[in-house]
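Text of the file work13.tsv, holding TSV, C-alpha atoms:
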chain	number	residue	atom	x	y	z
A	12	MET	CA	0.00	0.00	0.00
A	13	VAL	CA	1.40	3.40	-1.04
A	14	SER	CA	0.98	6.08	1.57
A	15	GLN	CA	-0.44	9.48	0.75
A	16	GLU	CA	2.98	11.07	1.33
A	17	GLN	CA	4.69	8.58	-0.99
A	18	ARG	CA	2.02	9.19	-3.62
A	19	ARG	CA	2.55	12.95	-3.32
A	20	ARG	CA	6.31	12.53	-3.76
A	21	GLN	CA	5.80	10.24	-6.77
A	22	LEU	CA	3.54	12.78	-8.45
A	23	ALA	CA	6.06	15.52	-7.73
A	24	ARG	CA	8.86	13.47	-9.31
A	25	GLU	CA	6.72	12.79	-12.39
A	26	LYS	CA	5.90	16.49	-12.66
A	27	PHE	CA	9.58	17.34	-12.33
A	28	LEU	CA	10.51	14.80	-15.03
A	29	ARG	CA	7.83	16.20	-17.35
A	30	GLN	CA	9.19	19.72	-16.82
A	31	GLN	CA	12.71	18.52	-17.54
A	32	GLN	CA	11.54	16.78	-20.71
A	33	ARG	CA	9.74	19.93	-21.85
A	34	ARG	CA	12.82	22.04	-21.17
A	35	THR	CA	15.08	19.58	-22.98
A	36	SER	CA	12.69	19.52	-25.92
A	37	ALA	CA	12.52	23.33	-25.95
A	38	ARG	CA	16.31	23.59	-25.90
A	39	ARG	CA	16.57	21.07	-28.75
A	40	LYS	CA	14.03	23.00	-30.82
A	41	ALA	CA	15.86	26.24	-30.09
A	42	ARG	CA	19.15	24.72	-31.21
A	43	MET	CA	17.53	23.45	-34.41
A	44	ARG	CA	15.92	26.85	-35.02
A	45	ASN	CA	19.20	28.69	-34.42
A	46	ALA	CA	21.06	26.25	-36.66
A	47	ALA	CA	18.50	26.84	-39.42
A	48	ILE	CA	18.80	30.59	-39.00
A	49	ALA	CA	22.59	30.37	-39.06
A	50	SER	CA	22.42	28.23	-42.18
A	51	VAL	CA	20.17	30.74	-43.94
A	52	LEU	CA	22.35	33.63	-42.85
A	53	GLY	CA	25.37	31.70	-44.08
A	54	VAL	CA	23.78	31.23	-47.50
A	55	ILE	CA	22.86	34.92	-47.62
A	56	LEU	CA	26.37	35.92	-46.60
A	57	ILE	CA	27.98	33.60	-49.11
A	58	GLY	CA	25.60	34.83	-51.78
A	59	SER	CA	26.34	38.42	-50.87
A	60	VAL	CA	30.08	37.79	-50.99
A	61	ALA	CA	29.69	36.06	-54.33
A	62	LEU	CA	27.62	38.92	-55.70
A	63	TYR	CA	30.08	41.47	-54.38
A	64	THR	CA	33.03	39.52	-55.75
A	65	THR	CA	31.53	39.15	-59.20
A	66	GLY	CA	30.25	42.72	-59.05
A	67	VAL	CA	33.56	44.36	-58.41
A	68	VAL	CA	35.63	42.84	-61.16
A	69	LEU	CA	35.66	43.48	-64.86
A	70	LYS	CA	35.69	39.81	-65.62
A	71	ASP	CA	36.19	37.63	-68.60
A	72	ASP	CA	34.92	34.38	-67.09
A	73	ASP	CA	36.17	31.98	-69.70
A	74	SER	CA	37.94	29.08	-67.96
A	75	LYS	CA	41.12	30.63	-69.28
A	76	THR	CA	40.10	34.29	-69.04
A	77	ASN	CA	38.70	36.14	-66.01
A	78	ALA	CA	39.29	39.93	-65.60
A	79	GLY	CA	40.05	42.30	-62.74
A	80	ALA	CA	38.96	45.94	-62.94
A	81	GLU	CA	37.39	47.35	-59.77
A	82	VAL	CA	33.86	48.80	-59.47
A	83	SER	CA	32.12	50.14	-56.38
A	84	PRO	CA	28.49	48.94	-56.05
A	85	SER	CA	25.70	51.50	-55.81
A	86	ALA	CA	22.51	51.39	-53.80
A	87	SER	CA	20.42	53.09	-56.47
A	88	ALA	CA	17.31	51.42	-57.87
A	89	PRO	CA	17.50	49.69	-61.26
A	90	SER	CA	17.19	52.12	-64.12
A	91	LYS	CA	14.05	51.86	-66.22
A	92	ALA	CA	15.16	54.08	-69.07
A	93	PRO	CA	13.69	53.17	-72.46
A	94	ASP	CA	15.71	50.87	-74.69
A	95	PRO	CA	17.32	53.20	-77.28
A	96	CYS	CA	18.39	50.41	-79.62
A	97	ASP	CA	16.88	48.50	-82.53
A	98	LYS	CA	16.18	44.82	-82.87
A	99	PRO	CA	19.19	42.63	-83.71
A	100	ALA	CA	19.75	41.49	-87.27
A	101	ASP	CA	18.86	37.92	-88.13
A	102	GLY	CA	21.64	35.44	-87.55
A	103	LYS	CA	23.25	33.16	-85.00
A	104	VAL	CA	26.37	33.45	-82.91
A	105	LYS	CA	29.20	31.22	-84.05
A	106	THR	CA	30.66	28.83	-81.51
A	107	GLN	CA	33.97	27.87	-83.13
A	108	THR	CA	37.09	28.07	-80.97
A	109	TRP	CA	40.79	27.62	-81.66
A	110	GLU	CA	43.57	26.05	-79.64
A	111	LYS	CA	46.30	28.53	-80.57
A	112	GLU	CA	46.65	32.23	-81.17
A	113	PRO	CA	46.47	32.91	-84.94
A	114	ALA	CA	49.66	33.43	-86.88
A	115	MET	CA	50.76	37.05	-87.16
A	116	THR	CA	49.49	38.61	-90.39
A	117	VAL	CA	48.94	42.29	-89.52
A	118	ASP	CA	51.32	44.93	-90.81
A	119	LYS	CA	52.51	46.81	-87.74
A	120	SER	CA	53.37	49.83	-89.83
A	121	ALA	CA	49.85	50.10	-91.32
A	122	LYS	CA	46.70	51.67	-89.92
A	123	TYR	CA	43.74	49.47	-89.01
A	124	THR	CA	40.21	50.32	-87.99
A	125	MET	CA	37.47	48.18	-86.49
A	126	LYS	CA	33.80	48.89	-87.09
A	127	LEU	CA	31.21	47.52	-84.70
A	128	GLU	CA	27.83	47.68	-86.40
A	129	THR	CA	25.57	47.49	-83.36
A	130	THR	CA	21.84	47.66	-82.80
A	131	CYS	CA	22.45	51.04	-81.18
A	132	GLY	CA	24.58	52.53	-83.97
A	133	ASP	CA	28.04	52.13	-85.47
A	134	ILE	CA	31.12	52.35	-83.27
A	135	ASP	CA	34.33	53.00	-85.19
A	136	ILE	CA	37.64	52.25	-83.49
A	137	ALA	CA	41.15	53.22	-84.58
A	138	LEU	CA	43.37	50.23	-83.71
A	139	LYS	CA	46.93	50.43	-82.39
A	140	ALA	CA	48.63	47.82	-84.55
A	141	GLU	CA	52.16	48.99	-83.83
A	142	ALA	CA	51.72	49.12	-80.06
A	143	ALA	CA	49.49	46.04	-79.68
A	144	PRO	CA	50.15	43.81	-82.71
A	145	HIS	CA	49.06	40.51	-81.13
A	146	THR	CA	45.78	42.01	-79.98
A	147	VAL	CA	44.99	43.70	-83.28
A	148	ASN	CA	46.02	40.55	-85.17
A	149	SER	CA	43.63	38.48	-83.03
A	150	PHE	CA	40.74	40.88	-83.62
A	151	ASP	CA	41.46	40.92	-87.35
A	152	PHE	CA	41.38	37.11	-87.34
A	153	LEU	CA	38.23	36.77	-85.20
A	154	ALA	CA	36.31	39.47	-87.06
A	155	GLY	CA	37.20	37.76	-90.33
A	156	LYS	CA	35.71	34.54	-88.98
A	157	GLY	CA	32.49	36.30	-87.93
A	158	PHE	CA	33.24	35.49	-84.30
A	159	PHE	CA	31.77	38.74	-82.94
A	160	ASP	CA	28.72	38.84	-85.22
A	161	HIS	CA	25.35	38.65	-83.39
A	162	THR	CA	27.02	38.72	-79.94
A	163	LYS	CA	25.65	40.75	-77.03
A	164	CYS	CA	27.58	43.33	-75.11
A	165	HIS	CA	26.81	41.68	-71.82
A	166	ARG	CA	28.02	44.10	-69.15
A	167	LEU	CA	27.72	47.79	-68.32
A	168	THR	CA	29.30	49.44	-65.28
A	169	THR	CA	27.98	52.80	-64.14
A	170	ASN	CA	29.68	53.39	-60.81
A	171	GLY	CA	33.39	53.46	-59.99
A	172	ILE	CA	34.40	52.63	-63.54
A	173	PHE	CA	32.40	53.37	-66.67
A	174	VAL	CA	32.67	50.73	-69.37
A	175	LEU	CA	30.67	48.59	-71.75
A	176	GLN	CA	32.03	45.05	-72.02
A	177	CYS	CA	31.61	42.97	-75.17
A	178	GLY	CA	33.24	40.13	-77.09
A	179	ASP	CA	31.73	37.09	-75.39
A	180	PRO	CA	29.88	34.72	-77.75
A	181	THR	CA	27.91	33.26	-74.84
A	182	GLY	CA	26.62	36.67	-73.74
A	183	GLN	CA	27.15	35.58	-70.13
A	184	GLY	CA	30.71	36.67	-69.45
A	185	ASN	CA	32.23	33.20	-69.64
A	186	GLY	CA	33.13	32.80	-73.30
A	187	GLY	CA	36.24	33.24	-75.39
A	188	PRO	CA	38.07	32.10	-78.53
A	189	GLY	CA	39.82	29.17	-76.87
A	190	TYR	CA	43.25	30.79	-76.79
A	191	ASN	CA	44.96	33.61	-74.92
A	192	ILE	CA	46.96	36.56	-76.18
A	193	PRO	CA	49.77	38.41	-74.41
A	194	ASP	CA	49.42	41.71	-72.60
A	195	GLU	CA	50.63	44.64	-74.68
A	196	ASN	CA	50.99	48.41	-74.57
A	197	LEU	CA	50.58	48.66	-70.80
A	198	LYS	CA	52.81	51.74	-70.77
A	199	ASP	CA	50.70	53.60	-73.32
A	200	LYS	CA	51.14	57.33	-72.86
A	201	SER	CA	47.36	57.74	-72.56
A	202	LEU	CA	47.33	55.78	-69.29
A	203	LYS	CA	48.26	58.33	-66.67
A	204	ASP	CA	47.74	58.12	-62.91
A	205	ASN	CA	46.00	54.74	-63.17
A	206	MET	CA	43.28	56.19	-65.38
A	207	TYR	CA	41.82	54.75	-68.58
A	208	PRO	CA	40.50	57.80	-70.40
A	209	ALA	CA	37.12	57.96	-72.11
A	210	GLY	CA	37.34	56.60	-75.63
A	211	THR	CA	39.77	53.80	-74.78
A	212	VAL	CA	39.18	50.24	-75.95
A	213	ALA	CA	41.03	47.65	-73.86
A	214	MET	CA	41.17	43.91	-73.22
A	215	ALA	CA	39.53	42.15	-70.30
A	216	ASN	CA	41.63	39.50	-68.57
A	217	THR	CA	41.80	37.26	-65.49
A	218	GLY	CA	44.01	39.58	-63.53
A	219	GLN	CA	46.85	37.23	-64.41
A	220	PRO	CA	49.50	38.12	-66.99
A	221	ASN	CA	48.82	37.27	-70.64
A	222	SER	CA	45.28	36.00	-70.06
A	223	GLY	CA	43.30	38.04	-72.59
A	224	GLY	CA	40.87	36.26	-74.91
A	225	SER	CA	38.14	37.93	-76.94
A	226	GLN	CA	36.34	40.04	-74.34
A	227	PHE	CA	37.05	43.76	-74.40
A	228	PHE	CA	35.66	46.92	-72.89
A	229	LEU	CA	34.86	50.38	-74.22
A	230	VAL	CA	35.39	53.26	-71.81
A	231	TYR	CA	32.68	55.95	-72.03
A	232	GLN	CA	33.93	58.03	-69.08
A	233	ASN	CA	37.36	58.32	-67.46
A	234	SER	CA	37.81	55.20	-65.31
A	235	PRO	CA	40.39	54.59	-62.57
A	236	LEU	CA	42.07	51.28	-63.32
A	237	PRO	CA	45.56	49.87	-62.88
A	238	PRO	CA	47.49	49.62	-66.18
A	239	SER	CA	46.82	45.89	-66.49
A	240	TYR	CA	44.46	45.82	-69.47
A	241	THR	CA	45.88	46.08	-72.97
A	242	PRO	CA	44.72	49.36	-74.55
A	243	PHE	CA	44.46	48.64	-78.25
A	244	GLY	CA	42.07	51.16	-79.74
A	245	THR	CA	40.45	54.59	-79.59
A	246	ILE	CA	36.75	55.23	-80.25
A	247	SER	CA	35.68	57.86	-82.77
A	248	ASP	CA	33.58	60.86	-81.72
A	249	GLU	CA	30.54	59.37	-83.43
A	250	GLY	CA	31.17	56.07	-81.69
A	251	MET	CA	31.34	57.84	-78.35
A	252	THR	CA	27.90	59.34	-78.99
A	253	VAL	CA	26.54	55.82	-79.48
A	254	LEU	CA	28.36	54.52	-76.42
A	255	LYS	CA	27.04	57.30	-74.19
A	256	LYS	CA	23.51	56.63	-75.45
A	257	ILE	CA	23.91	53.02	-74.32
A	258	ALA	CA	25.28	54.10	-70.95
A	259	ALA	CA	22.45	56.59	-70.41
A	260	ALA	CA	19.93	53.74	-70.52
A	261	GLY	CA	21.57	52.25	-67.41
A	262	GLU	CA	22.12	48.70	-66.30
A	263	SER	CA	19.72	46.07	-65.01
A	264	THR	CA	20.70	45.59	-61.36
A	265	GLY	CA	20.84	49.11	-59.98
A	266	ALA	CA	24.12	48.15	-58.30
A	267	GLY	CA	26.25	49.83	-60.94
A	268	ASP	CA	27.30	46.61	-62.63
A	269	GLY	CA	25.02	44.42	-64.72
A	270	ALA	CA	23.55	43.76	-68.11
A	271	PRO	CA	22.85	46.96	-70.06
A	272	ASN	CA	19.21	47.95	-70.31
A	273	ALA	CA	19.88	48.81	-73.93
A	274	THR	CA	19.76	45.83	-76.28
A	275	VAL	CA	23.38	46.08	-77.42
A	276	VAL	CA	24.15	43.46	-80.04
A	277	ILE	CA	27.06	43.56	-82.47
A	278	ASP	CA	25.33	42.71	-85.74
A	279	LYS	CA	28.67	42.67	-87.52
A	280	ALA	CA	32.31	43.44	-86.70
A	281	THR	CA	34.90	44.16	-89.37
A	282	VAL	CA	38.58	45.10	-89.29
A	283	ALA	CA	40.00	47.01	-92.23
A	284	LYS	CA	43.52	48.03	-93.20
A	285	SER	CA	44.05	51.51	-94.63

As structure tokens:
Amino acid sequence: MVSQEQRRRQLAREKFLRQQQRRTSARRKARMRNAAIASVLGVILIGSVALYTTGVVLKDDDSKTNAGAEVSPSASAPSKAPDPCDKPADGKVKTQTWEKEPAMTVDKSAKYTMKLETTCGDIDIALKAEAAPHTVNSFDFLAGKGFFDHTKCHRLTTNGIFVLQCGDPTGQGNGGPGYNIPDENLKDKSLKDNMYPAGTVAMANTGQPNSGGSQFFLVYQNSPLPPSYTPFGTISDEGMTVLKKIAAAGESTGAGDGAPNATVVIDKATVAKS
């Protein structure tokens, strides 16, 4: 027979055990909740770092070519300016690549020009064959193969540096011709005080020496950059008008670095010797 006092103590122990179980369960749930929150925050942080990392470099993301020009992100809202460009011409991007840099065929003593016939207007570029022969030779070769035809200019930066980036057949920032070309003309007299002046056309790269491919950028406003990107051309006044029209339409992210709002497609690229 269990006495009343023993029964009272038994019920007290059971109550205590139930309280302990509830507390243990609550602590377990709290740990699980905190772990989930930490996991989510970790994903957000990693995503933010990834976005910041990809946002601050002028990249050529080909497996052999990634670039490195710095941009400061902006907190402004995405621009909704009207698209100032026409529809692209009919045609498909070519996907051919090559294992080696093409043999040298340009005449370093001659003058060469490149014309980019874009959906936003023509951009004429005087090329620096004497100062950057490998680069000009590569563009002459690729343009002759129709490599740039129907390709998008996939990146516009509007804060920190001010460039339009083109030359990627994938339109995603990860394409190239399959080969690399050497850095050239990094002591060009136009590059003063780590500044690429408006009107410059230069190569994107991985940030490593001699890692240029086919991606290049057109500077529409003076941009502070280290002299690490081969300057190989100068944009005509008319071309600058087109480039500034593209820039005025803004980019898609509002962070100062994204796809241009303007539908910028190179319908045809040609290099001519004069």

**OP:** Write out as JSON, numbers by chain the residues lying within 9 Å of stretch 110-127 of chain A, counting only C-alpha atoms and excluding same-chain residues fewer than 6 positions away.
**Re:** {"A": [133, 134, 135, 136, 137, 138, 139, 140, 141, 142, 143, 144, 145, 147, 148, 149, 150, 151, 152, 154, 159, 188, 189, 190, 191, 192, 244, 277, 278, 279, 280, 281, 282, 283, 284, 285]}

**OP:** Scan for residues within 9 Å of the point (37.5, 31.6, -80.3) in the coordinates of the file, using all atoms listed in the file, and reply as a ChimeraX atom specification.
**Re:** /A:106-110,153,158,180,186-190,224-225

Original post:
Skipping near chain neighbours, those fewer than 5 positions away, what residues fall within 8 Å of stretch 174-179 of chain A using all atoms listed in the file, listed as a ChimeraX atom specification?
Top reply: /A:159,162-169,184-187,225-232,234,254,258

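With only C-alpha atoms as the atoms that count, the residue of A:Ile257, A:Ala266, A:Gly157, A:Gly223 with the shortest distance to A:Asp97 is A:Ile257.
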
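Between atom CA of A:Leu236 and atom CA of A:Pro193 the interatomic distance comes to 18.7 Å.
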
Subject >> Proximity to A:Thr245 - best of A:Pro220, A:Gly210, A:Gly171, A:Gly132, all atoms listed in the file >> reply: A:Gly210

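Each of A:Pro235, A:Gly182, A:Thr146, A:Glu128 was compared to A:Met214 using all atoms listed in the file, and A:Thr146 turns out to be the nearest.
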
Taking all atoms of stretch 218-223 of chain A that appear in the file, build a box with edges along x, y and z, extend it by 4 Å on every side, and state its centre and edge lengths in Å to one decimal, as JSON.
{"center_x": 46.4, "center_y": 37.8, "center_z": -68.1, "size_x": 14.2, "size_y": 11.6, "size_z": 17.1}

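The gap separating atom CA of A:Pro242 from atom CA of A:Lys200 is 10.4 Å, in Å to one decimal.
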
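Compared by their closest atoms to A:Thr129, and using all atoms listed in the file, the residues A:Val276, A:Ala260, A:Val253, A:Ala213 rank with A:Val276 nearest.
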
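Atom CA of A:Ala273 is positioned 8.9 Å from atom CA of A:Ala259.
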
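With all atoms listed in the file as the atoms that count, the minimum distance from A:Cys131 to the choices A:Lys198, A:Lys203, A:Lys105, A:Lys98 is reached by A:Lys98.
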